[in-house]
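Shown here: query32.tsv, TSV, C-alpha atoms and all ligand atoms.
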```tsv
chain	number	residue	atom	x	y	z
A	29	MET	CA	10.25	27.79	20.19
A	30	SER	CA	8.23	24.57	20.23
A	31	SER	CA	7.18	23.15	23.62
A	32	VAL	CA	7.53	19.59	22.32
A	33	ARG	CA	9.76	17.30	24.39
A	34	LYS	CA	8.75	13.80	23.45
A	35	ILE	CA	7.05	12.24	20.42
A	36	GLY	CA	5.90	8.75	19.43
A	37	ILE	CA	5.97	6.91	16.12
A	38	SER	CA	3.91	3.94	14.97
A	39	THR	CA	3.58	1.94	11.74
A	40	GLY	CA	0.18	0.53	10.74
A	41	GLY	CA	-1.52	-1.54	8.03
A	42	GLY	CA	0.31	-3.88	5.68
A	43	ASP	CA	4.08	-3.54	5.78
A	44	CYS	CA	6.05	-2.22	2.82
A	45	PRO	CA	9.64	-1.32	1.96
A	46	GLY	CA	10.63	2.04	3.45
A	47	LEU	CA	8.93	1.85	6.85
A	48	ASN	CA	12.27	1.53	8.61
A	49	ALA	CA	13.68	4.35	6.51
A	50	VAL	CA	10.91	6.68	7.70
A	51	ILE	CA	11.34	5.56	11.34
A	52	ARG	CA	15.05	6.34	11.00
A	53	ALA	CA	14.38	9.79	9.55
A	54	VAL	CA	11.86	10.67	12.28
A	55	VAL	CA	14.15	9.50	15.09
A	56	LYS	CA	17.25	11.20	13.71
A	57	SER	CA	15.59	14.52	12.95
A	58	ALA	CA	13.61	14.51	16.23
A	59	VAL	CA	16.72	13.87	18.33
A	60	LEU	CA	19.45	15.61	16.34
A	61	GLN	CA	17.56	18.60	14.96
A	62	HIS	CA	14.93	19.23	17.65
A	63	GLY	CA	16.43	17.63	20.78
A	64	TRP	CA	13.29	15.52	21.46
A	65	GLN	CA	12.96	12.04	22.86
A	66	VAL	CA	11.25	9.42	20.62
A	67	ILE	CA	9.10	6.50	21.75
A	68	GLY	CA	8.49	3.67	19.28
A	69	ILE	CA	4.90	2.39	19.57
A	70	GLU	CA	4.74	-1.29	18.65
A	71	ASP	CA	2.23	-3.01	16.36
A	72	ASN	CA	0.34	0.08	15.26
A	73	PHE	CA	-2.14	1.42	17.86
A	74	ASP	CA	-1.88	-1.84	19.82
A	75	GLY	CA	1.17	-0.27	21.46
A	76	LEU	CA	-1.07	2.44	22.93
A	77	ILE	CA	-3.71	-0.03	24.12
A	78	TRP	CA	-1.65	-2.70	25.83
A	79	PRO	CA	1.18	-2.26	28.37
A	80	ASN	CA	4.87	-2.81	27.57
A	81	LYS	CA	4.43	-2.41	23.84
A	82	HIS	CA	6.61	0.67	23.45
A	83	ARG	CA	10.30	1.50	23.75
A	84	GLU	CA	12.57	4.49	23.41
A	85	LEU	CA	14.29	4.82	20.05
A	86	THR	CA	17.65	6.59	19.88
A	87	PRO	CA	19.73	7.35	16.77
A	88	ASP	CA	21.81	4.29	17.68
A	89	ASP	CA	18.68	2.09	17.59
A	90	VAL	CA	17.89	3.18	14.04
A	91	SER	CA	21.42	3.04	12.73
A	92	GLY	CA	21.68	0.61	9.80
A	93	ILE	CA	17.93	0.16	9.22
A	94	LEU	CA	17.63	2.42	6.15
A	95	LEU	CA	17.88	-0.57	3.83
A	96	ARG	CA	15.92	-3.07	5.84
A	97	GLY	CA	12.42	-4.15	4.66
A	98	GLY	CA	9.51	-4.52	7.10
A	99	THR	CA	9.23	-2.42	10.25
A	100	ILE	CA	11.24	-2.72	13.47
A	101	LEU	CA	8.08	-1.59	15.31
A	102	GLY	CA	5.84	-4.34	13.95
A	103	THR	CA	2.45	-3.65	12.41
A	104	THR	CA	-1.07	-5.01	12.10
A	105	ASN	CA	-3.98	-4.35	9.79
A	106	HIS	CA	-6.55	-5.60	12.31
A	107	GLY	CA	-6.22	-3.32	15.33
A	108	ASN	CA	-8.66	-0.41	14.98
A	109	PRO	CA	-8.83	0.84	18.62
A	110	LEU	CA	-12.33	2.24	18.04
A	111	ARG	CA	-13.68	-1.15	16.97
A	112	TYR	CA	-11.26	-3.58	18.57
A	113	ARG	CA	-12.08	-7.29	18.53
A	114	VAL	CA	-11.50	-9.04	21.86
A	115	GLN	CA	-12.37	-12.43	23.27
A	116	GLU	CA	-14.53	-12.17	26.39
A	117	GLU	CA	-15.69	-15.38	28.06
A	118	GLY	CA	-15.03	-17.33	24.87
A	119	GLU	CA	-17.07	-14.89	22.76
A	120	GLU	CA	-15.67	-12.42	20.26
A	121	CYS	CA	-16.91	-8.88	20.86
A	122	VAL	CA	-16.04	-5.37	19.65
A	123	ARG	CA	-14.81	-2.72	22.11
A	124	ASP	CA	-13.87	0.97	21.82
A	125	PHE	CA	-10.36	1.47	23.25
A	126	SER	CA	-9.89	5.05	22.01
A	127	GLU	CA	-10.00	6.56	25.54
A	128	GLN	CA	-7.31	4.09	26.58
A	129	VAL	CA	-5.17	5.14	23.61
A	130	LEU	CA	-5.52	8.81	24.59
A	131	HIS	CA	-4.84	8.02	28.24
A	132	ASN	CA	-1.71	5.98	27.48
A	133	ALA	CA	-0.37	8.63	25.10
A	134	ARG	CA	-0.74	11.17	27.95
A	135	GLU	CA	0.88	8.76	30.45
A	136	LEU	CA	3.83	8.34	28.09
A	137	GLY	CA	4.09	12.14	27.88
A	138	LEU	CA	3.76	12.21	24.10
A	139	ASP	CA	3.44	15.75	22.73
A	140	GLY	CA	2.86	14.36	19.25
A	141	LEU	CA	2.60	11.08	17.37
A	142	VAL	CA	3.78	10.25	13.85
A	143	VAL	CA	1.39	7.70	12.35
A	144	VAL	CA	2.79	5.94	9.29
A	145	GLY	CA	0.06	4.09	7.39
A	146	GLY	CA	-2.22	3.67	4.41
A	147	ASP	CA	-5.81	4.86	3.97
A	148	GLY	CA	-7.19	2.49	6.65
A	149	THR	CA	-4.67	3.68	9.24
A	150	MET	CA	-5.22	7.33	8.25
A	151	LYS	CA	-8.98	6.95	8.82
A	152	ILE	CA	-8.31	5.62	12.32
A	153	ALA	CA	-5.75	8.39	12.89
A	154	LEU	CA	-8.36	10.97	11.91
A	155	ASP	CA	-10.86	9.56	14.43
A	156	LEU	CA	-8.21	9.63	17.17
A	157	TYR	CA	-7.13	13.15	16.22
A	158	ARG	CA	-10.75	14.32	16.47
A	159	LYS	CA	-10.88	12.76	19.93
A	160	GLY	CA	-7.83	14.81	20.98
A	161	LEU	CA	-4.69	12.84	20.03
A	162	ASN	CA	-2.06	15.19	18.58
A	163	LEU	CA	-0.80	13.34	15.54
A	164	VAL	CA	0.50	13.73	12.01
A	165	GLY	CA	0.35	11.19	9.18
A	166	VAL	CA	2.86	9.76	6.72
A	167	PRO	CA	1.34	7.92	3.70
A	168	LYS	CA	2.63	4.43	2.96
A	169	THR	CA	1.27	1.66	0.79
A	170	ILE	CA	2.46	-0.37	-2.15
A	171	ASP	CA	-1.06	0.14	-3.59
A	172	ASN	CA	-0.41	3.89	-4.06
A	173	ASP	CA	-4.08	4.55	-3.42
A	174	VAL	CA	-3.84	7.26	-0.75
A	175	ALA	CA	-5.39	10.45	-2.13
A	176	ALA	CA	-3.75	13.88	-1.86
A	177	THR	CA	-0.23	12.58	-2.48
A	178	GLU	CA	1.29	11.80	-5.86
A	179	VAL	CA	3.02	8.81	-4.40
A	180	SER	CA	3.02	6.85	-1.15
A	181	LEU	CA	6.19	5.37	0.27
A	182	GLY	CA	6.74	1.73	-0.68
A	183	PHE	CA	5.08	1.95	-4.09
A	184	ASP	CA	8.26	2.57	-6.08
A	185	THR	CA	10.00	-0.46	-4.58
A	186	ALA	CA	6.98	-2.71	-5.15
A	187	LEU	CA	6.90	-1.46	-8.74
A	188	HIS	CA	10.56	-2.42	-9.21
A	189	THR	CA	9.93	-5.87	-7.73
A	190	ALA	CA	6.88	-6.47	-9.92
A	191	ALA	CA	8.55	-5.20	-13.11
A	192	GLU	CA	11.65	-7.31	-12.50
A	193	ALA	CA	9.51	-10.40	-11.92
A	194	ILE	CA	7.49	-9.78	-15.10
A	195	ASP	CA	10.77	-9.36	-17.04
A	196	LYS	CA	11.83	-12.80	-15.84
A	197	VAL	CA	8.51	-14.40	-16.77
A	198	HIS	CA	8.77	-12.69	-20.17
A	199	THR	CA	11.81	-14.69	-21.27
A	200	SER	CA	10.18	-17.96	-20.24
A	201	ALA	CA	6.98	-17.00	-22.10
A	202	GLU	CA	9.01	-16.32	-25.22
A	203	SER	CA	10.98	-19.58	-25.00
A	204	HIS	CA	7.89	-21.76	-24.46
A	205	HIS	CA	5.46	-19.80	-26.68
A	206	ARG	CA	3.06	-19.48	-23.77
A	207	VAL	CA	0.46	-17.14	-22.42
A	208	MET	CA	1.73	-15.97	-19.05
A	209	VAL	CA	-0.66	-14.43	-16.55
A	210	ILE	CA	1.00	-12.54	-13.69
A	211	GLU	CA	-1.04	-11.25	-10.75
A	212	VAL	CA	0.15	-8.23	-8.81
A	213	MET	CA	-1.25	-6.62	-5.66
A	214	GLY	CA	-2.95	-3.24	-5.38
A	215	ARG	CA	-6.28	-4.02	-3.70
A	216	ASN	CA	-8.92	-2.00	-5.60
A	217	ALA	CA	-6.38	0.17	-7.44
A	218	GLY	CA	-4.54	-0.75	-10.63
A	219	TRP	CA	-1.37	1.29	-10.13
A	220	ILE	CA	1.09	-1.58	-9.70
A	221	ALA	CA	-0.39	-3.52	-12.63
A	222	LEU	CA	-0.45	-0.50	-14.92
A	223	GLU	CA	3.01	0.83	-14.14
A	224	ALA	CA	4.78	-2.54	-13.81
A	225	GLY	CA	3.02	-3.68	-16.99
A	226	LEU	CA	4.15	-0.56	-18.84
A	227	ALA	CA	7.69	-0.84	-17.49
A	228	SER	CA	8.05	-4.45	-18.57
A	229	GLY	CA	6.31	-4.26	-21.93
A	230	ALA	CA	3.20	-6.28	-21.02
A	231	ASP	CA	0.83	-7.04	-23.90
A	232	VAL	CA	-2.36	-7.09	-21.82
A	233	ILE	CA	-2.97	-5.14	-18.59
A	234	LEU	CA	-6.14	-5.72	-16.59
A	235	ILE	CA	-6.97	-3.20	-13.87
A	236	PRO	CA	-10.05	-2.72	-11.64
A	237	GLU	CA	-10.71	0.71	-13.16
A	238	VAL	CA	-11.25	-0.67	-16.71
A	239	PRO	CA	-13.90	-3.42	-17.10
A	240	PHE	CA	-12.71	-6.07	-19.53
A	241	ASP	CA	-14.22	-8.53	-22.00
A	242	LEU	CA	-12.47	-11.90	-22.22
A	243	GLU	CA	-13.05	-12.24	-25.96
A	244	LYS	CA	-11.09	-9.06	-26.58
A	245	ILE	CA	-8.09	-10.57	-24.79
A	246	CYS	CA	-8.39	-13.83	-26.77
A	247	ASP	CA	-8.53	-11.69	-29.94
A	248	CYS	CA	-5.40	-9.86	-28.88
A	249	ILE	CA	-3.57	-13.17	-28.36
A	250	HIS	CA	-4.63	-14.39	-31.82
A	251	GLN	CA	-3.67	-11.09	-33.46
A	252	ARG	CA	-0.24	-11.30	-31.87
A	253	GLU	CA	0.18	-14.82	-33.26
A	254	LYS	CA	-0.76	-13.60	-36.74
A	255	ALA	CA	1.97	-10.98	-36.37
A	256	GLY	CA	4.47	-13.71	-35.45
A	257	LYS	CA	4.40	-13.27	-31.66
A	258	ASN	CA	3.76	-16.67	-30.19
A	259	PHE	CA	3.59	-15.58	-26.56
A	260	THR	CA	1.59	-13.06	-24.54
A	261	ILE	CA	2.24	-11.38	-21.21
A	262	VAL	CA	-0.96	-10.62	-19.28
A	263	VAL	CA	-0.57	-8.54	-16.10
A	264	VAL	CA	-3.58	-8.74	-13.82
A	265	ALA	CA	-4.34	-6.52	-10.82
A	266	GLU	CA	-5.68	-8.62	-7.96
A	267	GLY	CA	-8.76	-6.35	-7.61
A	268	ILE	CA	-10.17	-6.70	-11.15
A	269	LYS	CA	-13.88	-7.30	-11.41
A	270	LEU	CA	-14.46	-10.80	-12.70
A	271	PRO	CA	-17.39	-11.09	-15.14
A	272	GLY	CA	-19.86	-13.77	-14.14
A	273	ASP	CA	-17.74	-14.89	-11.20
A	274	PRO	CA	-19.76	-15.50	-8.01
A	275	GLU	CA	-16.89	-13.75	-6.21
A	276	ALA	CA	-17.33	-10.61	-8.34
A	277	LYS	CA	-19.79	-9.02	-5.92
A	278	ARG	CA	-17.31	-9.41	-3.13
A	279	VAL	CA	-14.53	-7.91	-5.24
A	280	GLU	CA	-16.75	-4.94	-6.08
A	281	ASP	CA	-17.10	-4.23	-2.38
A	282	LYS	CA	-14.61	-1.41	-1.89
A	283	ARG	CA	-13.73	-2.63	1.59
A	284	ALA	CA	-13.00	-6.17	0.45
A	285	ILE	CA	-9.44	-7.40	0.30
A	286	PRO	CA	-9.04	-9.47	-2.86
A	287	ARG	CA	-7.87	-13.01	-2.21
A	288	ALA	CA	-4.44	-13.71	-3.75
A	289	GLY	CA	-4.74	-15.86	-6.86
A	290	THR	CA	-8.48	-15.42	-7.47
A	291	ALA	CA	-8.06	-12.98	-10.35
A	292	ALA	CA	-5.07	-14.59	-12.09
A	293	TYR	CA	-6.37	-18.16	-11.90
A	294	TRP	CA	-9.76	-17.05	-13.15
A	295	VAL	CA	-8.21	-15.17	-16.09
A	296	GLY	CA	-5.65	-17.95	-16.75
A	297	ASP	CA	-8.31	-20.66	-16.87
A	298	ALA	CA	-10.58	-18.58	-19.07
A	299	LEU	CA	-7.77	-17.72	-21.52
A	300	ALA	CA	-6.58	-21.33	-21.70
A	301	ARG	CA	-10.13	-22.40	-22.53
A	302	GLY	CA	-10.74	-19.47	-24.90
A	303	THR	CA	-7.48	-19.74	-26.88
A	304	ARG	CA	-6.42	-23.38	-26.32
A	305	ARG	CA	-2.91	-22.04	-25.73
A	306	ASP	CA	-0.48	-23.28	-23.14
A	307	THR	CA	-1.08	-20.90	-20.22
A	308	ARG	CA	0.72	-20.44	-16.90
A	309	VAL	CA	-0.12	-18.32	-13.88
A	310	THR	CA	2.28	-16.56	-11.49
A	311	ILE	CA	1.08	-14.83	-8.31
A	312	LEU	CA	3.65	-12.35	-7.01
A	313	GLY	CA	1.92	-11.89	-3.64
A	314	HIS	CA	3.79	-10.61	-0.60
A	315	ILE	CA	7.17	-10.63	-2.35
A	316	GLN	CA	6.02	-7.16	-3.50
A	317	ARG	CA	6.00	-5.94	0.10
A	318	GLY	CA	9.54	-7.02	0.98
A	319	GLY	CA	13.16	-6.21	0.30
A	320	PRO	CA	15.24	-3.07	0.65
A	321	PRO	CA	13.55	0.16	-0.44
A	322	SER	CA	14.58	1.62	-3.80
A	323	PRO	CA	16.77	4.76	-3.75
A	324	PHE	CA	13.65	6.80	-4.63
A	325	ASP	CA	11.79	5.35	-1.65
A	326	ARG	CA	14.76	5.86	0.69
A	327	ILE	CA	14.88	9.53	-0.22
A	328	LEU	CA	11.08	9.93	-0.13
A	329	CYS	CA	10.93	8.28	3.32
A	330	THR	CA	13.65	10.57	4.60
A	331	ARG	CA	11.86	13.63	3.22
A	332	PHE	CA	8.51	12.47	4.66
A	333	GLY	CA	10.05	11.66	8.05
A	334	VAL	CA	11.79	15.01	8.43
A	335	ALA	CA	8.66	16.85	7.22
A	336	ALA	CA	6.54	14.99	9.80
A	337	THR	CA	8.75	16.19	12.67
A	338	GLU	CA	8.58	19.72	11.26
A	339	LEU	CA	4.76	19.57	11.28
A	340	ILE	CA	4.88	18.56	14.95
A	341	ALA	CA	7.36	21.35	15.75
A	342	GLN	CA	4.92	23.82	14.17
A	343	GLY	CA	1.95	22.33	16.04
A	344	LYS	CA	0.24	21.42	12.74
A	345	PHE	CA	-1.63	18.33	13.92
A	346	GLY	CA	-4.26	16.43	11.94
A	347	LYS	CA	-2.10	16.85	8.82
A	348	MET	CA	-0.49	14.28	6.54
A	349	VAL	CA	2.77	14.90	4.67
A	350	CYS	CA	2.48	14.43	0.92
A	351	LEU	CA	4.27	14.87	-2.39
A	352	LYS	CA	2.81	17.44	-4.77
A	353	ASP	CA	4.52	18.60	-7.97
A	354	GLY	CA	7.72	17.02	-6.69
A	355	ALA	CA	7.70	19.06	-3.44
A	356	ILE	CA	6.94	17.90	0.08
A	357	GLN	CA	3.79	19.54	1.38
A	358	SER	CA	1.01	18.68	3.82
A	359	VAL	CA	-2.76	18.23	3.65
A	360	ASP	CA	-5.50	17.67	6.22
A	361	ILE	CA	-5.81	13.94	6.92
A	362	ALA	CA	-9.55	14.45	6.39
A	363	GLU	CA	-8.81	15.47	2.81
A	364	ALA	CA	-6.46	12.52	2.26
A	365	VAL	CA	-9.06	9.91	3.30
A	366	ARG	CA	-12.03	11.47	1.48
A	367	VAL	CA	-11.51	9.38	-1.66
A	368	THR	CA	-9.36	6.49	-2.85
A	369	ARG	CA	-6.71	7.36	-5.41
A	370	LEU	CA	-7.53	5.21	-8.44
A	371	VAL	CA	-6.17	5.03	-11.99
A	372	ASP	CA	-7.97	7.41	-14.35
A	373	PRO	CA	-9.05	5.26	-17.34
A	374	GLN	CA	-8.78	8.41	-19.48
A	375	GLY	CA	-5.48	9.49	-17.93
A	376	GLU	CA	-2.09	9.84	-19.58
A	377	LEU	CA	-0.65	6.48	-18.50
A	378	VAL	CA	-3.59	4.51	-19.89
A	379	ARG	CA	-3.48	6.59	-23.07
A	380	ILE	CA	0.22	6.00	-23.71
A	381	ALA	CA	-0.23	2.30	-22.97
A	382	ARG	CA	-3.04	2.10	-25.54
A	383	ALA	CA	-0.99	4.16	-28.01
A	384	THR	CA	1.78	1.56	-27.81
A	385	GLY	CA	-0.57	-1.35	-28.39
A	386	VAL	CA	-1.38	-2.52	-24.87
A	387	CYS	CA	-4.74	-4.28	-24.65
A	388	PHE	CA	-6.91	-3.49	-21.60
A	389	GLY	CA	-9.51	-6.04	-22.66
A	390	ASP	CA	-12.13	-3.33	-23.37
B	401	LIG	O1	-2.60	-2.85	1.06
B	401	LIG	C1	-1.43	-3.56	0.80
B	401	LIG	C2	-1.78	-4.98	0.41
B	401	LIG	O2	-0.57	-5.67	0.14
B	401	LIG	C3	-2.74	-5.12	-0.77
B	401	LIG	O3	-2.09	-4.89	-1.99
B	401	LIG	C4	-3.25	-6.51	-0.56
B	401	LIG	O4	-4.54	-6.66	-1.12
B	401	LIG	C5	-3.34	-6.63	0.95
B	401	LIG	O5	-2.44	-5.65	1.47
B	401	LIG	C6	-2.96	-7.99	1.48
B	401	LIG	O6	-3.13	-7.95	2.84
B	401	LIG	P1	-2.64	-9.12	3.81
B	401	LIG	O7	-1.16	-8.93	4.02
B	401	LIG	O8	-3.42	-8.90	5.06
B	401	LIG	O9	-2.93	-10.41	3.12
```
As structure tokens, please, write out the structure in this file.
Amino acid sequence: MSSVRKIGISTGGGDCPGLNAVIRAVVKSAVLQHGWQVIGIEDNFDGLIWPNKHRELTPDDVSGILLRGGTILGTTNHGNPLRYRVQEEGEECVRDFSEQVLHNARELGLDGLVVVGGDGTMKIALDLYRKGLNLVGVPKTIDNDVAATEVSLGFDTALHTAAEAIDKVHTSAESHHRVMVIEVMGRNAGWIALEAGLASGADVILIPEVPFDLEKICDCIHQREKAGKNFTIVVVAEGIKLPGDPEAKRVEDKRAIPRAGTAAYWVGDALARGTRRDTRVTILGHIQRGGPPSPFDRILCTRFGVAATELIAQGKFGKMVCLKDGAIQSVDIAEAVRVTRLVDPQGELVRIARATGVCFGD
């Protein structure tokens, strides 16, 4: 019999479709299956630093949120409690609020905390776990770059959004005989670009994991024209390394967040100059983080949420739920944050893309 009576749940980092679905699953399974009380912690760990940023969540409170994008708890990708930026006497300074987080979790009577987040949030969770906070992790991110899980929640929906958008640009490209450059998110990982590009029949896919040469892309566009294809779809991951660009150094910095538009406008301008073809740029941006989760994500979130409560019931703290070989399992959070999950340039997806004529610009 578990001695757990009350748990908390928080959502951290950039939002994505499926966060509400996982909140719903945690609340329902905690209350209905285990008989626990659930406290929703607002705006990531901010809710454990500042007063009045938490509330009880009952099954009624989470009824009807399965399909809703965003997170009813709010989120932030700026609030690391161990290095928290505050204004003191007009000056910005950095403070360690981890003791306050631990203290407030005790005051709230939390026997466990479900932390839903990407790699940044998991790193913070690991620090807090090592300081004594009993927590478990649930991986989320449209970037799909959390290691130790085959997929993070939110990725599948973002992939659908991106592929659908590229499909729509495709018809316009064909009608106007244009080169269309579409930028997708993914930070330093090329998963959305690669998979959305494959799904929508892109001709060129540029990802951070494969350095590219502009002339090869221009060649590809000319070869397509010779074969009677007077349009080209170029899918660009926001985190690609830009040759000769003064920003390239910044983009190479693994911690850097690529600025929306930098990659696609750079590539679009260069291709327009290199091919003298009518070229247009589309930046998908935060549209990829919104909307109702796909059926796959809804089910994954429900599986992850129930598994997270089971980890707490078993006292297995410091673990993150994950998907391995199609089954829900768990790994140490320390293992999950050790590396970033990137596309393997020699992997199967890149190989099948090349085999079907996709140009990676290399
Ligand atoms: O990590 C998710 C993500 O959407 C990245 O793909 C993107 O680089 C970043 O967050 C954007 O962050 P923000 O919402 O802070 O602009």
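Among A:Asp139, A:Asp74, A:Glu376, A:Asp173, the residue with the shortest atom-to-atom distance to Gly214 in chain A, counting all atoms listed in the file, is A:Asp173.
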(request) List all protein, DNA and RNA residues that have any atom at most 10 Å from ligand LIG 401 (chain B), counting all atoms listed in the file, and write the list as a PyMOL selection string. (result) chain A and resi 41-44+104-106+145-148+168-173+182-183+186+212-218+220+265-267+284-288+313-317
Would you write out those residues with C-alpha atoms, as a PDB file, in the frame of the given file?
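Once written, part.pdb looks like this:
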```pdb
ATOM      1  CA  GLY A  41      -1.520  -1.540   8.030  1.00  0.00           C
ATOM      2  CA  GLY A  42       0.310  -3.880   5.680  1.00  0.00           C
ATOM      3  CA  ASP A  43       4.080  -3.540   5.780  1.00  0.00           C
ATOM      4  CA  CYS A  44       6.050  -2.220   2.820  1.00  0.00           C
ATOM      5  CA  THR A 104      -1.070  -5.010  12.100  1.00  0.00           C
ATOM      6  CA  ASN A 105      -3.980  -4.350   9.790  1.00  0.00           C
ATOM      7  CA  HIS A 106      -6.550  -5.600  12.310  1.00  0.00           C
ATOM      8  CA  GLY A 145       0.060   4.090   7.390  1.00  0.00           C
ATOM      9  CA  GLY A 146      -2.220   3.670   4.410  1.00  0.00           C
ATOM     10  CA  ASP A 147      -5.810   4.860   3.970  1.00  0.00           C
ATOM     11  CA  GLY A 148      -7.190   2.490   6.650  1.00  0.00           C
ATOM     12  CA  LYS A 168       2.630   4.430   2.960  1.00  0.00           C
ATOM     13  CA  THR A 169       1.270   1.660   0.790  1.00  0.00           C
ATOM     14  CA  ILE A 170       2.460  -0.370  -2.150  1.00  0.00           C
ATOM     15  CA  ASP A 171      -1.060   0.140  -3.590  1.00  0.00           C
ATOM     16  CA  ASN A 172      -0.410   3.890  -4.060  1.00  0.00           C
ATOM     17  CA  ASP A 173      -4.080   4.550  -3.420  1.00  0.00           C
ATOM     18  CA  GLY A 182       6.740   1.730  -0.680  1.00  0.00           C
ATOM     19  CA  PHE A 183       5.080   1.950  -4.090  1.00  0.00           C
ATOM     20  CA  ALA A 186       6.980  -2.710  -5.150  1.00  0.00           C
ATOM     21  CA  VAL A 212       0.150  -8.230  -8.810  1.00  0.00           C
ATOM     22  CA  MET A 213      -1.250  -6.620  -5.660  1.00  0.00           C
ATOM     23  CA  GLY A 214      -2.950  -3.240  -5.380  1.00  0.00           C
ATOM     24  CA  ARG A 215      -6.280  -4.020  -3.700  1.00  0.00           C
ATOM     25  CA  ASN A 216      -8.920  -2.000  -5.600  1.00  0.00           C
ATOM     26  CA  ALA A 217      -6.380   0.170  -7.440  1.00  0.00           C
ATOM     27  CA  GLY A 218      -4.540  -0.750 -10.630  1.00  0.00           C
ATOM     28  CA  ILE A 220       1.090  -1.580  -9.700  1.00  0.00           C
ATOM     29  CA  ALA A 265      -4.340  -6.520 -10.820  1.00  0.00           C
ATOM     30  CA  GLU A 266      -5.680  -8.620  -7.960  1.00  0.00           C
ATOM     31  CA  GLY A 267      -8.760  -6.350  -7.610  1.00  0.00           C
ATOM     32  CA  ALA A 284     -13.000  -6.170   0.450  1.00  0.00           C
ATOM     33  CA  ILE A 285      -9.440  -7.400   0.300  1.00  0.00           C
ATOM     34  CA  PRO A 286      -9.040  -9.470  -2.860  1.00  0.00           C
ATOM     35  CA  ARG A 287      -7.870 -13.010  -2.210  1.00  0.00           C
ATOM     36  CA  ALA A 288      -4.440 -13.710  -3.750  1.00  0.00           C
ATOM     37  CA  GLY A 313       1.920 -11.890  -3.640  1.00  0.00           C
ATOM     38  CA  HIS A 314       3.790 -10.610  -0.600  1.00  0.00           C
ATOM     39  CA  ILE A 315       7.170 -10.630  -2.350  1.00  0.00           C
ATOM     40  CA  GLN A 316       6.020  -7.160  -3.500  1.00  0.00           C
ATOM     41  CA  ARG A 317       6.000  -5.940   0.100  1.00  0.00           C
TER      42      ARG A 317
END
```
(message) Rounded to one decimal, what separation in Å do you get between CA of Met208 in chain A and CA of Ile249 in chain A?
(response)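 About the pair CA of Met208 in chain A and CA of Ile249 in chain A: they are 11.1 Å apart.
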(request) Select all residues near (-3.3, 18.0, 2.9) (cut-off 9 Å, inclusive, file coordinates), counting only C-alpha atoms, and output them as an NGL selection string. (result) :A and (176-177 or 347-350 or 357-364)
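Between CA of Asp372 in chain A and CA of Pro321 in chain A there is a distance of 26.6 Å.
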(message) When you count all atoms listed in the file, which of these residues is closest to Arg305 in chain A: A:Glu211, A:Glu253, A:Asp353, A:Asp88?
(response)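 Checking each of A:Glu211, A:Glu253, A:Asp353, A:Asp88 against Arg305 in chain A, counting all atoms listed in the file, the winner is A:Glu253.
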(request) Can you work out the spacing between CA of Gly98 in chain A and CA of Val142 in chain A in Å, to one decimal? (result)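 Computed distance, CA of Gly98 in chain A to CA of Val142 in chain A, equals 17.2 Å.
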(request) Rank nothing, just name the residue among A:Leu226, A:Leu242, A:Ile69, A:Val365 nearest to Thr39 in chain A, using only C-alpha atoms. (result)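 The closest residue to Thr39 in chain A is A:Ile69.
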Produce a table with one row for each residue of range 158-218 of chain A that has an atom at most 12 Å from any atom of range 31-36 of chain A, each row naming the nearest atom pair and its distance in Å at one decimal; use only C-alpha atoms; arrange rows by chain and rising residue number; format as CSV.
```
residue,atom,partner,partner_atom,distance
A:Leu161,CA,A:Gly36,CA,11.4
A:Asn162,CA,A:Ile35,CA,9.8
A:Leu163,CA,A:Gly36,CA,9.0
A:Val164,CA,A:Gly36,CA,10.4
A:Gly165,CA,A:Gly36,CA,11.9
```
(message) Residues within 12 Å of Asp247 in chain A, please, as a list in words. Count all atoms listed in the file; anything in the same chain fewer than 4 positions from it doesn't count.
(response) Val232, Asp241, Leu242, Glu243, Gln251, Arg252, Glu253, Lys254, Thr260, Leu299, Gly302, Thr303, Cys387, Phe388, Gly389 and Asp390 of chain A
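Considering the residues A:Ile51, A:Val174, A:Ala341, A:Leu328 and counting only C-alpha atoms, Leu370 in chain A has its shortest atom-to-atom contact with A:Val174.
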